[in-house]
Structures are given as C-alpha cells and as structure tokens.
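J.: Here you go, final-v6.cif (mmCIF, C-alpha atoms):
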data_data
loop_
_atom_site.label_atom_id
_atom_site.label_comp_id
_atom_site.auth_asym_id
_atom_site.auth_seq_id
_atom_site.Cartn_x
_atom_site.Cartn_y
_atom_site.Cartn_z
CA MET A 1 55.44 -55.59 0.92
CA SER A 2 53.13 -52.74 -0.06
CA ARG A 3 49.34 -53.04 -0.17
CA ARG A 4 49.50 -52.44 -3.93
CA VAL A 5 51.85 -55.38 -4.49
CA ARG A 6 49.78 -57.66 -2.23
CA SER A 7 46.60 -56.79 -4.10
CA ALA A 8 48.34 -57.39 -7.42
CA SER A 9 49.42 -60.86 -6.33
CA ALA A 10 45.94 -61.68 -5.10
CA TRP A 11 44.45 -60.43 -8.36
CA ASN A 12 46.81 -62.63 -10.36
CA ARG A 13 46.04 -65.75 -8.35
CA ALA A 14 42.31 -65.17 -8.60
CA SER A 15 42.11 -64.37 -12.30
CA ALA A 16 45.06 -65.96 -14.07
CA ARG A 17 43.64 -69.44 -14.48
CA SER A 18 40.41 -68.22 -16.02
CA SER A 19 42.09 -65.70 -18.33
CA LEU A 20 44.83 -68.09 -19.49
CA SER A 21 42.22 -70.65 -20.47
CA SER A 22 41.44 -68.56 -23.53
CA PHE A 23 44.25 -66.86 -25.49
CA THR A 24 42.08 -64.43 -27.37
CA THR A 25 42.55 -62.68 -30.68
CA PRO A 26 43.48 -59.04 -30.00
CA LEU A 27 40.71 -56.47 -30.36
CA TYR A 28 41.20 -52.98 -31.73
CA ASN A 29 38.44 -50.95 -30.11
CA ARG A 30 40.53 -48.85 -27.77
CA SER A 31 42.68 -45.79 -28.09
CA VAL A 32 45.63 -45.93 -30.45
CA VAL A 33 48.88 -43.98 -30.37
CA ARG A 34 51.81 -44.26 -32.74
CA CYS A 35 55.24 -45.67 -32.13
CA GLN A 36 57.79 -42.99 -32.94
CA ALA A 37 61.47 -43.21 -33.76
CA PRO A 38 63.85 -40.30 -33.06
CA SER A 39 65.76 -38.79 -35.94
CA THR A 40 68.96 -36.79 -35.57
CA THR A 41 69.91 -33.34 -36.65
CA SER A 42 73.11 -32.56 -38.52
CA GLY A 43 74.77 -32.02 -35.15
CA GLY A 44 74.01 -35.58 -34.11
CA ARG A 45 71.54 -34.59 -31.39
CA SER A 46 67.99 -35.86 -31.20
CA GLY A 47 65.85 -33.63 -33.36
CA ALA A 48 62.43 -33.92 -34.95
CA VAL A 49 60.47 -37.09 -34.28
CA ARG A 50 59.72 -39.39 -37.22
CA GLN A 51 56.49 -41.33 -36.94
CA ASN A 52 56.59 -45.01 -37.79
CA ARG A 53 53.11 -45.46 -39.23
CA ARG A 54 53.55 -49.23 -39.63
CA VAL A 55 53.42 -49.79 -35.86
CA PRO A 56 50.22 -48.60 -34.18
CA VAL A 57 50.45 -48.81 -30.38
CA HIS A 58 47.30 -49.75 -28.47
CA GLU A 59 46.90 -48.36 -24.98
CA ILE A 60 46.07 -50.76 -22.15
CA THR A 61 44.53 -49.25 -19.04
CA GLU A 62 43.27 -52.34 -17.17
CA PRO A 63 45.33 -55.39 -16.13
CA ASP A 64 42.51 -57.81 -16.98
CA ASP A 65 42.29 -56.67 -20.61
CA ASP A 66 41.88 -59.84 -22.68
CA ARG A 67 44.26 -58.53 -25.31
CA ILE A 68 47.21 -59.07 -22.96
CA ALA A 69 46.15 -62.51 -21.68
CA ASP A 70 49.47 -63.95 -22.90
CA TYR A 71 51.25 -61.95 -20.18
CA ARG A 72 49.03 -62.82 -17.23
CA ALA A 73 50.66 -64.09 -14.00
CA LEU A 74 54.17 -64.48 -15.40
CA THR A 75 55.62 -65.35 -11.97
CA ASP A 76 53.40 -68.43 -11.55
CA VAL A 77 55.88 -71.04 -12.83
CA GLU A 78 53.51 -74.00 -12.57
CA LEU A 79 50.72 -72.20 -14.39
CA ARG A 80 52.95 -70.82 -17.12
CA THR A 81 54.67 -74.14 -17.82
CA ARG A 82 51.27 -75.82 -18.12
CA TRP A 83 50.02 -73.23 -20.60
CA GLU A 84 52.86 -71.89 -22.73
CA PRO A 85 54.15 -75.05 -24.48
CA PRO A 86 50.67 -76.49 -25.23
CA HIS A 87 49.56 -73.14 -26.64
CA GLY A 88 52.74 -72.80 -28.70
CA LEU A 89 54.03 -69.55 -27.20
CA PHE A 90 56.78 -68.19 -25.00
CA ILE A 91 57.52 -64.82 -23.40
CA ALA A 92 60.66 -62.78 -24.04
CA GLU A 93 61.66 -60.12 -21.50
CA GLY A 94 63.84 -57.17 -22.40
CA GLU A 95 64.69 -55.44 -25.65
CA LEU A 96 67.92 -57.35 -26.29
CA VAL A 97 66.20 -60.72 -25.85
CA LEU A 98 63.22 -59.94 -28.05
CA ARG A 99 65.48 -58.61 -30.81
CA ARG A 100 67.46 -61.86 -30.71
CA ALA A 101 64.22 -63.83 -30.93
CA LEU A 102 63.21 -61.86 -34.01
CA ARG A 103 66.64 -62.38 -35.62
CA ALA A 104 66.33 -66.10 -34.95
CA GLY A 105 63.10 -66.18 -36.94
CA TYR A 106 60.54 -66.52 -34.16
CA ALA A 107 57.19 -64.97 -35.13
CA PRO A 108 55.78 -62.47 -32.62
CA ARG A 109 52.20 -62.72 -31.37
CA SER A 110 52.26 -59.34 -29.63
CA PHE A 111 54.41 -56.84 -27.74
CA LEU A 112 53.68 -55.27 -24.33
CA VAL A 113 55.76 -52.26 -23.31
CA ASP A 114 55.96 -49.53 -20.74
CA ALA A 115 54.25 -46.54 -22.35
CA LYS A 116 57.45 -44.53 -21.93
CA ARG A 117 59.45 -47.07 -23.96
CA VAL A 118 57.43 -47.43 -27.14
CA ASP A 119 60.14 -45.69 -29.14
CA GLN A 120 62.45 -48.66 -28.52
CA LEU A 121 60.39 -50.72 -30.97
CA ALA A 122 60.09 -48.08 -33.69
CA ASP A 123 62.78 -49.59 -35.91
CA LEU A 124 61.49 -53.17 -35.66
CA ASP A 125 59.45 -54.99 -38.26
CA THR A 126 56.66 -56.17 -35.97
CA GLY A 127 54.66 -57.64 -38.83
CA ASP A 128 51.00 -58.13 -37.93
CA ALA A 129 51.72 -58.43 -34.20
CA PRO A 130 50.01 -55.68 -32.17
CA VAL A 131 52.01 -53.47 -29.83
CA TYR A 132 50.36 -52.72 -26.48
CA ALA A 133 51.49 -49.97 -24.11
CA ALA A 134 50.62 -49.56 -20.44
CA SER A 135 51.75 -47.76 -17.31
CA PRO A 136 54.22 -49.50 -14.95
CA ASP A 137 51.39 -50.02 -12.46
CA VAL A 138 49.18 -51.80 -15.00
CA LEU A 139 52.13 -53.90 -16.18
CA GLN A 140 52.89 -54.98 -12.63
CA ARG A 141 49.28 -55.84 -11.84
CA ALA A 142 48.92 -57.85 -15.04
CA THR A 143 52.22 -59.76 -14.94
CA GLY A 144 52.70 -60.08 -11.17
CA PHE A 145 56.10 -58.39 -11.03
CA HIS A 146 57.79 -55.07 -11.69
CA VAL A 147 58.75 -55.15 -15.37
CA HIS A 148 61.92 -53.15 -14.83
CA ARG A 149 63.15 -53.77 -18.39
CA GLY A 150 59.90 -52.28 -19.64
CA VAL A 151 59.56 -54.51 -22.71
CA LEU A 152 57.87 -57.89 -23.12
CA ALA A 153 56.91 -59.89 -26.18
CA SER A 154 54.92 -63.04 -26.83
CA PHE A 155 56.33 -65.28 -29.57
CA ARG A 156 55.18 -68.39 -31.38
CA ARG A 157 57.30 -71.48 -30.79
CA LYS A 158 58.92 -73.40 -33.61
CA PRO A 159 58.49 -77.17 -33.95
CA LEU A 160 61.29 -79.00 -32.14
CA PRO A 161 63.64 -81.00 -34.38
CA ASP A 162 64.27 -84.67 -33.83
CA PRO A 163 67.42 -85.49 -31.81
CA ALA A 164 68.85 -87.27 -34.88
CA GLU A 165 68.60 -84.06 -36.90
CA VAL A 166 70.39 -82.06 -34.20
CA LEU A 167 73.13 -84.67 -33.78
CA ALA A 168 73.77 -84.87 -37.52
CA ALA A 169 74.71 -81.19 -37.64
CA ALA A 170 76.84 -81.10 -34.47
CA ARG A 171 80.41 -81.93 -33.46
CA ARG A 172 80.10 -81.29 -29.72
CA VAL A 173 76.87 -81.42 -27.67
CA VAL A 174 75.69 -81.19 -24.08
CA ILE A 175 73.01 -83.53 -22.72
CA LEU A 176 70.99 -82.53 -19.64
CA GLU A 177 69.18 -84.94 -17.33
CA ASP A 178 66.41 -83.60 -15.06
CA VAL A 179 67.77 -80.02 -15.00
CA ASN A 180 64.72 -78.15 -13.72
CA ASN A 181 66.19 -74.93 -12.40
CA HIS A 182 65.46 -72.28 -15.04
CA THR A 183 68.37 -70.10 -13.97
CA ASN A 184 70.85 -72.95 -14.36
CA LEU A 185 69.29 -73.97 -17.66
CA GLY A 186 69.61 -70.46 -19.09
CA ALA A 187 73.20 -70.17 -17.88
CA ILE A 188 74.11 -73.50 -19.49
CA TYR A 189 72.72 -72.32 -22.83
CA ARG A 190 74.70 -69.10 -22.58
CA GLY A 191 77.87 -71.05 -21.84
CA ALA A 192 77.18 -73.46 -24.69
CA ALA A 193 76.78 -70.61 -27.16
CA ALA A 194 79.94 -68.87 -25.95
CA LEU A 195 82.23 -71.89 -25.59
CA GLY A 196 81.76 -73.94 -28.72
CA VAL A 197 78.93 -76.38 -27.97
CA ASP A 198 76.82 -76.97 -31.06
CA ALA A 199 73.58 -78.30 -29.57
CA VAL A 200 71.68 -79.14 -26.38
CA LEU A 201 69.78 -82.40 -25.85
CA LEU A 202 67.27 -82.70 -23.01
CA SER A 203 65.88 -85.63 -21.07
CA PRO A 204 62.05 -85.78 -21.02
CA THR A 205 61.89 -84.27 -17.52
CA CYS A 206 64.08 -81.21 -18.11
CA ALA A 207 62.66 -77.72 -17.71
CA ASP A 208 61.47 -75.68 -20.67
CA PRO A 209 64.37 -73.68 -22.21
CA LEU A 210 61.89 -71.11 -23.52
CA TYR A 211 60.44 -70.30 -20.11
CA ARG A 212 60.87 -66.55 -19.53
CA ARG A 213 63.56 -66.82 -16.85
CA SER A 214 65.65 -69.30 -18.85
CA VAL A 215 65.47 -67.07 -21.89
CA ARG A 216 66.42 -63.98 -19.88
CA VAL A 217 69.34 -65.61 -18.03
CA SER A 218 70.67 -66.96 -21.33
CA MET A 219 70.54 -63.41 -22.74
CA GLY A 220 68.58 -64.87 -25.65
CA GLU A 221 71.22 -67.48 -26.47
CA VAL A 222 68.57 -70.21 -26.23
CA PHE A 223 67.63 -69.02 -29.71
CA ALA A 224 71.17 -69.49 -31.01
CA VAL A 225 71.80 -73.09 -29.90
CA PRO A 226 69.71 -75.86 -31.52
CA TYR A 227 68.07 -78.23 -29.07
CA ALA A 228 65.89 -81.32 -29.01
CA LYS A 229 64.22 -83.49 -26.38
CA PHE A 230 64.45 -87.26 -26.05
CA GLU A 231 61.22 -89.21 -25.76
CA ARG A 232 62.89 -92.19 -24.04
CA TRP A 233 65.47 -91.99 -21.28
CA PRO A 234 68.21 -93.09 -20.84
CA ALA A 235 67.67 -95.10 -24.03
CA GLY A 236 68.18 -91.89 -26.00
CA LEU A 237 71.88 -92.05 -25.17
CA ASP A 238 72.17 -95.06 -27.48
CA GLN A 239 71.12 -92.75 -30.32
CA VAL A 240 73.89 -90.31 -29.37
CA ARG A 241 76.47 -93.07 -29.40
CA GLU A 242 75.21 -94.43 -32.74
CA ALA A 243 75.71 -90.94 -34.19
CA GLY A 244 79.42 -91.23 -33.42
CA PHE A 245 79.65 -89.36 -30.12
CA THR A 246 81.42 -90.37 -26.92
CA VAL A 247 79.07 -89.86 -23.95
CA LEU A 248 80.99 -88.24 -21.09
CA ALA A 249 79.13 -88.41 -17.77
CA MET A 250 80.07 -85.63 -15.36
CA THR A 251 80.25 -87.07 -11.84
CA PRO A 252 82.43 -86.74 -8.72
CA ALA A 253 82.67 -90.56 -8.52
CA SER A 254 86.03 -91.90 -7.40
CA ASP A 255 86.52 -93.83 -10.63
CA ALA A 256 85.92 -90.80 -12.87
CA VAL A 257 88.67 -89.61 -15.22
CA PRO A 258 89.89 -86.00 -14.74
CA ILE A 259 88.49 -84.19 -17.74
CA GLN A 260 91.87 -82.81 -18.81
CA ARG A 261 93.16 -86.40 -19.21
CA LEU A 262 90.66 -87.46 -21.84
CA THR A 263 92.24 -88.87 -24.98
CA PRO A 264 92.01 -87.04 -28.31
CA ALA A 265 89.60 -89.73 -29.54
CA GLN A 266 87.29 -89.14 -26.55
CA ARG A 267 87.36 -85.40 -27.16
CA GLU A 268 86.81 -85.61 -30.91
CA ARG A 269 83.01 -85.85 -30.82
CA ALA A 270 82.12 -85.29 -27.19
CA ALA A 271 78.62 -85.47 -25.72
CA LEU A 272 78.89 -84.03 -22.20
CA LEU A 273 76.19 -85.43 -19.88
CA LEU A 274 75.17 -83.35 -16.84
CA GLY A 275 72.59 -83.94 -14.11
CA ALA A 276 70.47 -81.71 -11.92
CA GLU A 277 71.87 -79.53 -9.16
CA GLY A 278 72.21 -81.65 -6.01
CA PRO A 279 71.31 -85.20 -7.07
CA GLY A 280 73.50 -85.19 -10.15
CA LEU A 281 73.23 -87.94 -12.74
CA THR A 282 71.12 -91.01 -12.07
CA GLU A 283 72.84 -94.38 -11.91
CA ALA A 284 70.99 -95.42 -15.08
CA ALA A 285 72.37 -92.46 -17.01
CA GLN A 286 75.90 -93.10 -15.76
CA ALA A 287 75.64 -96.75 -16.73
CA ALA A 288 74.54 -95.76 -20.23
CA SER A 289 77.53 -93.43 -20.71
CA ASP A 290 80.95 -94.27 -22.17
CA VAL A 291 83.29 -92.49 -19.75
CA LYS A 292 82.83 -90.93 -16.32
CA VAL A 293 84.65 -87.60 -16.06
CA VAL A 294 85.28 -85.21 -13.19
CA LEU A 295 86.51 -81.66 -12.66
CA PRO A 296 89.29 -82.04 -10.07
CA MET A 297 88.39 -80.07 -6.94
CA ARG A 298 90.61 -78.50 -4.28
CA ARG A 299 90.22 -77.53 -0.60
CA GLY A 300 87.62 -80.19 0.05
CA VAL A 301 85.01 -78.75 -2.34
CA ASP A 302 83.08 -81.67 -3.80
CA SER A 303 81.44 -79.99 -6.78
CA LEU A 304 80.43 -76.78 -8.55
CA ASN A 305 77.05 -75.39 -9.49
CA VAL A 306 75.91 -77.30 -12.59
CA ALA A 307 76.04 -74.23 -14.82
CA ALA A 308 79.55 -73.34 -13.60
CA ALA A 309 80.72 -76.93 -14.02
CA ALA A 310 79.28 -76.99 -17.53
CA ALA A 311 81.13 -73.81 -18.50
CA VAL A 312 84.47 -75.15 -17.22
CA ALA A 313 83.94 -78.45 -19.06
CA PHE A 314 82.90 -76.67 -22.26
CA TRP A 315 86.08 -74.62 -22.19
CA GLU A 316 88.27 -77.66 -21.52
CA LEU A 317 86.73 -79.67 -24.36
CA GLY A 318 87.13 -76.80 -26.77
CA ARG A 319 90.46 -75.39 -25.62
CA ASP A 320 92.23 -76.44 -28.82
CA ASP A 321 89.56 -75.08 -31.15
CA PRO A 322 90.66 -72.28 -33.48
CA VAL A 323 89.46 -68.87 -32.33
#
Spit out the file's structure as structure tokens when you get a sec.

T.:
Amino acid sequence: MSRRVRSASAWNRASARSSLSSFTTPLYNRSVVRCQAPSTTSGGRSGAVRQNRRVPVHEITEPDDDRIADYRALTDVELRTRWEPPHGLFIAEGELVLRRALRAGYAPRSFLVDAKRVDQLADLDTGDAPVYAASPDVLQRATGFHVHRGVLASFRRKPLPDPAEVLAAARRVVILEDVNNHTNLGAIYRGAAALGVDAVLLSPTCADPLYRRSVRVSMGEVFAVPYAKFERWPAGLDQVREAGFTVLAMTPASDAVPIQRLTPAQRERAALLLGAEGPGLTEAAQAASDVKVVLPMRRGVDSLNVAAAAAVAFWELGRDDPV
C-alpha cells in the first residue's frame, strides 16, 4: 500500500467522527466553474460546448472541506451506518445509480464528482443541490477509497412505509431475516426487481438497503422495489399471513418440500423467507412459517449463497408469469 493511501486512511480515521457530527449547510465562498454539456455538429461529432448555466460547479481542493462532509470516510461501515439513517441521507455511487435515484423521486442534497466528469451531470435537473468537483486525489483522501466511477451523490431518504401498506400492493414478496452482508442484500434486490418480486420486507436486524455498497451492487434497483421493516420479529410474520400470503421458509431441513413441488395455492401469494448467509433462518422464524421449502442440491452441495438461492427461488415461483 502506498504512503499516500496509508495517510489517507489515517486522515479518515482521525477526522471522520468529528466531521460527521455536523452535516453542514454548503457554503459558496470558493471558486465556481460551470457544468457544460457537449452539443453535436450536423455530422454527429462533438462540436461547440453548450454551457448549462443552471448547474454551477464548486471546486473542492481540500479533503476536509465541510461542504463535502456527507462523503467523509465512506469505507467505515460502522460509522456510516450509525450516521446515515439518523441524518436521513444515503450515498449513491456511479452515474447510472444516481440517475435511477433521481428517477425514483429521491431528492439530492449534493453531488461530488471527479473534475474531469462534470459534463456527465450537465443534462440533469439537480434542483438546489450543489455540485462539487475535485481531483481524484482529493476524492480519495476525503472518501477513503479510489472513486473509480468518478461520480457520487448524497440523497435524502424517504419515510419508510408500514409493512401493511407494502403487503397490500404486492402479490409476491421476499422476507429477509438478519441479512447483514451488503453485497448479498444488494444482489437480492436486483434479483427481486428482475424476477417478479413485488416487495422486500426486513427483520429489525437486517442491514440498511440504502448503504452505498448495497445500492451499487443492486445497480440502483433498491429504488425500484418497495420495502419496509418489521418492528417485531418473528411476530411480523403473522401480519404477512393475515394479508393472505403463504410464508415459505427456505431451509435445507430434511422435512422441507422441494420448491418445484409447491401447490398452486402455495404459489399464489408467496412470501419467501430467507436467512443470513451461514446460520440461515432461526428456529423461531421457521416455526412461524407455513411451509419449509428447499432447493434440491446435487453432488453433496448443501446450499447456495443466499443471493443466488433467492434468485433461483424467485425464478421458480414466477416461472408461469406472463412475460
């Protein structure tokens, strides 16, 4: 590891907690450039540059600038998860993800981009959110990692709906118990969006779906799938059942039904229940379910990664859906 990277990590550890304790209102006392969008000539090639005067870009030259406090120490999972939800924000990484967040109606607080990539935002309606630009070195020292996608944005969270509201609008849902790996969580959301699952319900101890890594792994699909969190567990499963769903607990238990052998009635309004990688579902959650189901394994393999298992089960439950 280079001396520069080591010093950046040390800087983040030393300063992040003090800077994150105060999410400040952006100041406008530094240099300003303009975000520009390319126009094309009649031959289709990039020609004269059109200036988008609605999006002033503010240059950031120091990693401890209070205006970019939202982006401080993004690799410190414990710190970020303690600060982002209580302060009502989340971070989107990459142009595709932030555009999906905007389309989903999330309000931006600010944007932070590599100075060479400001043109990527020229066509966006950024509203009143400031756009900050910095060199790759400043971005790395501020965030704690190399921002290879070159575009970050801080967004305001929306209030979470009640589980009853989510269930009322869904035909097929997935319920997650204690899933705390952000990569798996993001992959499950992506599979849910792609394979016909209408909503995600989370136990109280699940990870935050809007944590940066979850959002990135989901390719922004966390914004497309409604979700809610239970306050009581596993008592919340009674609410699912009362809404007309059959709770299907995924487990390799010997008495589990192969998922392809479920009856049409069990498939009709399915609530697929999945546990964390490794420990799987708790006994209490299995006891509160209606049917135990399993993906039949071959060659002595006992299980799949939870995100892979979810995707296979989603496809099986929706295989007869019109496409």

J.: Using the chain letters and numbering of this document, enumerate as an MDAnalysis selection string the residues selected by the PyMOL selection byres ((chain A and resi 273-276) around 9).

T.: chainID A and resid 173:181 206 247:251 271:272 277:282 285:286 289 306 309:310

J.: Can you write out the residues you just picked, keeping C-alpha atoms, as a short mmCIF file (atom, residue, chain, number, x, y, z; two decimals), in the frame of the given file?

T.:
data_model
loop_
_atom_site.label_atom_id
_atom_site.label_comp_id
_atom_site.auth_asym_id
_atom_site.auth_seq_id
_atom_site.Cartn_x
_atom_site.Cartn_y
_atom_site.Cartn_z
CA VAL A 173 76.87 -81.42 -27.67
CA VAL A 174 75.69 -81.19 -24.08
CA ILE A 175 73.01 -83.53 -22.72
CA LEU A 176 70.99 -82.53 -19.64
CA GLU A 177 69.18 -84.94 -17.33
CA ASP A 178 66.41 -83.60 -15.06
CA VAL A 179 67.77 -80.02 -15.00
CA ASN A 180 64.72 -78.15 -13.72
CA ASN A 181 66.19 -74.93 -12.40
CA CYS A 206 64.08 -81.21 -18.11
CA VAL A 247 79.07 -89.86 -23.95
CA LEU A 248 80.99 -88.24 -21.09
CA ALA A 249 79.13 -88.41 -17.77
CA MET A 250 80.07 -85.63 -15.36
CA THR A 251 80.25 -87.07 -11.84
CA ALA A 271 78.62 -85.47 -25.72
CA LEU A 272 78.89 -84.03 -22.20
CA GLU A 277 71.87 -79.53 -9.16
CA GLY A 278 72.21 -81.65 -6.01
CA PRO A 279 71.31 -85.20 -7.07
CA GLY A 280 73.50 -85.19 -10.15
CA LEU A 281 73.23 -87.94 -12.74
CA THR A 282 71.12 -91.01 -12.07
CA ALA A 285 72.37 -92.46 -17.01
CA GLN A 286 75.90 -93.10 -15.76
CA SER A 289 77.53 -93.43 -20.71
CA VAL A 306 75.91 -77.30 -12.59
CA ALA A 309 80.72 -76.93 -14.02
CA ALA A 310 79.28 -76.99 -17.53
#

J.: To verify the selection step, state as a short mmCIF file (atom, residue, chain, number, x, y, z; two decimals) with C-alpha atoms, in the coordinates of the input which residues the PyMOL selection byres ((chain A and resi 70-86) around 6) yields on this input.

T.:
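Output saved as out10.cif:
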data_model
loop_
_atom_site.label_atom_id
_atom_site.label_comp_id
_atom_site.auth_asym_id
_atom_site.auth_seq_id
_atom_site.Cartn_x
_atom_site.Cartn_y
_atom_site.Cartn_z
CA ASN A 12 46.81 -62.63 -10.36
CA ALA A 16 45.06 -65.96 -14.07
CA ILE A 68 47.21 -59.07 -22.96
CA ALA A 69 46.15 -62.51 -21.68
CA HIS A 87 49.56 -73.14 -26.64
CA GLY A 88 52.74 -72.80 -28.70
CA LEU A 89 54.03 -69.55 -27.20
CA PHE A 90 56.78 -68.19 -25.00
CA ALA A 142 48.92 -57.85 -15.04
CA THR A 143 52.22 -59.76 -14.94
CA GLY A 144 52.70 -60.08 -11.17
#

J.: Taking all atoms listed in the file into account, which of A:Ile60, A:Val197, A:Ala224, A:Leu317 comes nearest Pro264 of chain A?

T.: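 So, comparing all the options, the nearest one is A:Leu317.
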
J.: With 3 Å of padding per side, what axis-aligned box (centre and edge lengths, Å, one decimal) covers all the listed atoms of segment 285-299 of chain A? Give it as AutoDock Vina command-line options.

T.:
--center_x 81.5 --center_y -87.1 --center_z -11.4 --size_x 24.2 --size_y 25.2 --size_z 27.6

J.: Between atom CA of Asp162 of chain A and atom CA of Leu237 of chain A, measure the distance and give it in Å to one decimal.

T.: 13.7 Å
